[in-house]
Amino acid sequence: MLFGSSGIRREFSPHLVDLALRIGAAAADGASSAVVGRDTRTTSELLEHCVIAGMLSAGATVYTCGIAPTPTVAYATRDADAGCMITASHNPESYNGVKLLNPDGSAFTRRQQAAIEGALAGSHGKSWDEQGRVSPIDAVDAHREAILDRLSLSKPVTVVLDCGNGAGSVITPDLLAGAGSTVIGLNCNVSGRFARPSEPLEANLPYVGEIVRKREAACAVIHDGDADRMMAFDERGRYIDGDHLLMLFAKYLDRKHVVTTVDASMAIEEVAEVRRTPVGDSFVSEELLSWGDFGGEASGSWIFPEHSYCPDGIYAAGLLCEIASEWSIAEELDRMPRYTLLRESYRIASPREVMVAIGADEPTHGIRFDDDDGWYLIRASGTEPKVRITAEGKTPAKAKEMLTMGHTALERAKRVLGGEKE
């Protein structure tokens, strides 16, 4: 299976270089124009050139963004037939990949992905007099101005911003400053090496809370490698889990119809009508095309349909500053429903085979078990060689019970296929 839950991601290898060329040709087959951008990884420029070469061979005009976040490339794609982002998002520097985008910002659907996979073996080359052309564009400026038009801070705020040396470095500092924030920047350069693990987990950010408190900031904003994700801290220096950040956005925007994933907290149902999808922002955006006014994943992907169907961590960063200028984020969070939610991941050599052994029809969608007071979900990661278990209960004891049930099911399969805890 070529596509995971959010595009194609894997360890960098010569095979990925060849694949990028063929994906570019397949994606541009029948498309007269395409937008291409890349994140800051040391391998991204190479893969970008490969994708562009493939698109040119198919006769497309290619608009190049250079280093730009995924949501910036997605926003620029509104004026083209397709978009392509070179990124492995929150994965380590040794990973890279390709994400294909529609003009509305949404990721390629399962049907479109299947069409790309089926077309890879074919020939998409045009004759010498039908080759495409390259045209650079300033996608960053257009995206920044579009977001600024939607923001309105009621007063200046101080925000700690950690871009993780990713693509958000080229837009979010200027955006937040332009919106009226004083920005305390951390890791806001495009070095190609990540000063911290790219995934914006609390465990990867032990220094942020203290900086927020010492500098008396109103909040902190954290990006991953391509800034499609945004996680945050409140003014007390507390990390905000994704479920409550989703509820915060929904409340502030007065959104009553929310799309989220099967691994998100059941507390969300207490603040909005909810539809759930498999894990992966492409599934959330696909559902939002037909229902809902806001969507997101607890991992930090927030989708604002009136702006774009691509998760936009930059828009979310600006919106959080707007919220902080009007509300005490900490006090709002304290008033929200909260249950015990536990997440664990296990590195497994063959996660899909393990999930089949457990009984899942689709490994990355997983299996979920519910009762009146809790649930657990077991699923294969769509981006890494891992199996993830998520469990929630109305009490800590219930959550632990659910996690144990999930762990027991996984261990039964591991006895056959092997694996070790991350």
# chains A, B, ... in the order shown; residues from 1 in each chain; ligands from 1
>>> closest_atom_pairs(of="region 212-295 of chain A", to="region 55-67 of chain A", cutoff="12 Å", atoms="only C-alpha atoms", output="tab-separated table")
residue	atom	partner	partner_atom	distance
A:Gly225	CA	A:Ile67	CA	11.2
A:Asp226	CA	A:Ile67	CA	9.4
A:Ala227	CA	A:Ile67	CA	11.6
>>> write_last_selection(atoms="N, CA, C and O atoms", output="short mmCIF file (atom, residue, chain, number, x, y, z; two decimals), in the first residue's frame")
data_model
loop_
_atom_site.label_atom_id
_atom_site.label_comp_id
_atom_site.auth_asym_id
_atom_site.auth_seq_id
_atom_site.Cartn_x
_atom_site.Cartn_y
_atom_site.Cartn_z
N GLY A 225 7.09 19.64 11.49
CA GLY A 225 8.02 19.95 10.39
C GLY A 225 7.43 20.73 9.25
O GLY A 225 8.14 21.53 8.62
N ASP A 226 6.15 20.52 8.93
CA ASP A 226 5.55 21.23 7.80
C ASP A 226 4.44 22.18 8.22
O ASP A 226 3.75 22.75 7.37
N ALA A 227 4.23 22.34 9.53
CA ALA A 227 3.27 23.30 10.10
C ALA A 227 1.84 23.05 9.68
O ALA A 227 1.00 23.95 9.73
#
>>> select_by_dssp(residues="region 201-338 of chain A", states="alpha helix (DSSP H)", output="JSON, numbers by chain")
{"A": [208, 209, 210, 211, 212, 213, 214, 242, 243, 244, 245, 246, 247, 248, 249, 250, 251, 252, 253, 281, 282, 283, 284, 285, 286, 287, 288, 313, 314, 315, 316, 317, 318, 319, 320, 321, 322, 323, 324, 325, 326, 329, 330, 331, 332, 333, 334]}
>>> closest_residue(among="A:Gly300, A:Gly374, A:Pro351, A:Pro311", to="Leu288 (chain A)", atoms="only C-alpha atoms")
A:Pro311
>>> closest_residue(among="A:Met405, A:Ala267, A:Val212, A:Ala34", to="Arg133 (chain A)", atoms="only C-alpha atoms")
A:Ala34
>>> atom_distance(atom1="CA of Gly292 (chain A)", atom2="CA of Ala220 (chain A)")
27.9 Å
>>> residues_around(residues="Glu269 (chain A)", least_positions_apart="5", cutoff="10 Å", atoms="only C-alpha atoms", output="JSON, numbers by chain")
{"A": [247, 257, 258, 274, 275, 337]}
>>> residues_around(residues="Ile389 (chain A)", least_positions_apart="4", cutoff="12 Å", atoms="only C-alpha atoms", output="PyMOL selection string")
chain A and resi 262-263+341-347+355+364-369+375-381+399-400+402-411+421-422
>>> select_by_dssp(residues="region 95-272 of chain A", states="strand (DSSP E)", output="ChimeraX atom specification")
/A:95-101,134-136,157-162,181-186,219-223,230-233,239-240,257-261
>>> residues_around(residues="Ser13 (chain A)", least_positions_apart="3", cutoff="12 Å", atoms="only C-alpha atoms", output="PyMOL selection string")
chain A and resi 9-10+16-20+43+46-47+94-97
>>> write_last_selection(atoms="C-alpha atoms", output="mmCIF file, in the first residue's frame")
data_model
loop_
_atom_site.group_PDB
_atom_site.id
_atom_site.type_symbol
_atom_site.label_atom_id
_atom_site.label_comp_id
_atom_site.auth_asym_id
_atom_site.auth_seq_id
_atom_site.Cartn_x
_atom_site.Cartn_y
_atom_site.Cartn_z
ATOM 1 C CA ARG A 9 5.932 8.814 4.069
ATOM 2 C CA ARG A 10 8.885 6.519 4.542
ATOM 3 C CA LEU A 16 11.793 7.154 -2.799
ATOM 4 C CA VAL A 17 13.699 9.299 -5.312
ATOM 5 C CA ASP A 18 12.470 7.146 -8.196
ATOM 6 C CA LEU A 19 8.965 7.101 -6.738
ATOM 7 C CA ALA A 20 8.858 10.918 -6.533
ATOM 8 C CA THR A 43 16.343 15.505 1.225
ATOM 9 C CA LEU A 46 16.090 16.564 -4.234
ATOM 10 C CA LEU A 47 12.598 15.063 -4.072
ATOM 11 C CA SER A 94 15.442 10.605 8.022
ATOM 12 C CA TYR A 95 11.881 10.296 6.689
ATOM 13 C CA ASN A 96 10.389 12.098 3.730
ATOM 14 C CA GLY A 97 7.419 11.797 1.451
#
>>> closest_residue(among="A:Thr395, A:Ser325, A:Ser282, A:Thr261", to="Leu100 (chain A)", atoms="only C-alpha atoms")
A:Ser282
>>> closest_atom_pairs(of="region 253-315 of chain A", to="region 108-129 of chain A", cutoff="10 Å", atoms="only C-alpha atoms", output="tab-separated table")
residue	atom	partner	partner_atom	distance
A:Ser282	CA	A:Thr109	CA	6.9
A:Phe283	CA	A:Thr109	CA	7.8
A:Ser285	CA	A:Thr109	CA	9.1
A:Glu286	CA	A:Thr109	CA	6.9
>>> write_last_selection(atoms="C-alpha atoms", output="short mmCIF file (atom, residue, chain, number, x, y, z; two decimals), in the first residue's frame")
data_model
loop_
_atom_site.label_atom_id
_atom_site.label_comp_id
_atom_site.auth_asym_id
_atom_site.auth_seq_id
_atom_site.Cartn_x
_atom_site.Cartn_y
_atom_site.Cartn_z
CA SER A 282 -7.42 13.22 4.72
CA PHE A 283 -10.42 11.33 6.15
CA SER A 285 -11.31 16.73 5.27
CA GLU A 286 -13.15 14.24 3.05
#
>>> residues_around(residues="region 72-89 of chain A", least_positions_apart="5", cutoff="7 Å", atoms="only C-alpha atoms", output="PyMOL selection string")
chain A and resi 9+31-39+44+47-48+95-105+139-140+143+224-226+308+310
>>> closest_residue(among="A:Gly280, A:Gly318, A:Gly296, A:Gly393", to="Met266 (chain A)", atoms="only C-alpha atoms")
A:Gly393
>>> closest_residue(among="A:Val221, A:Cys50, A:Leu151, A:Ile329", to="Asp234 (chain A)", atoms="only C-alpha atoms")
A:Ile329
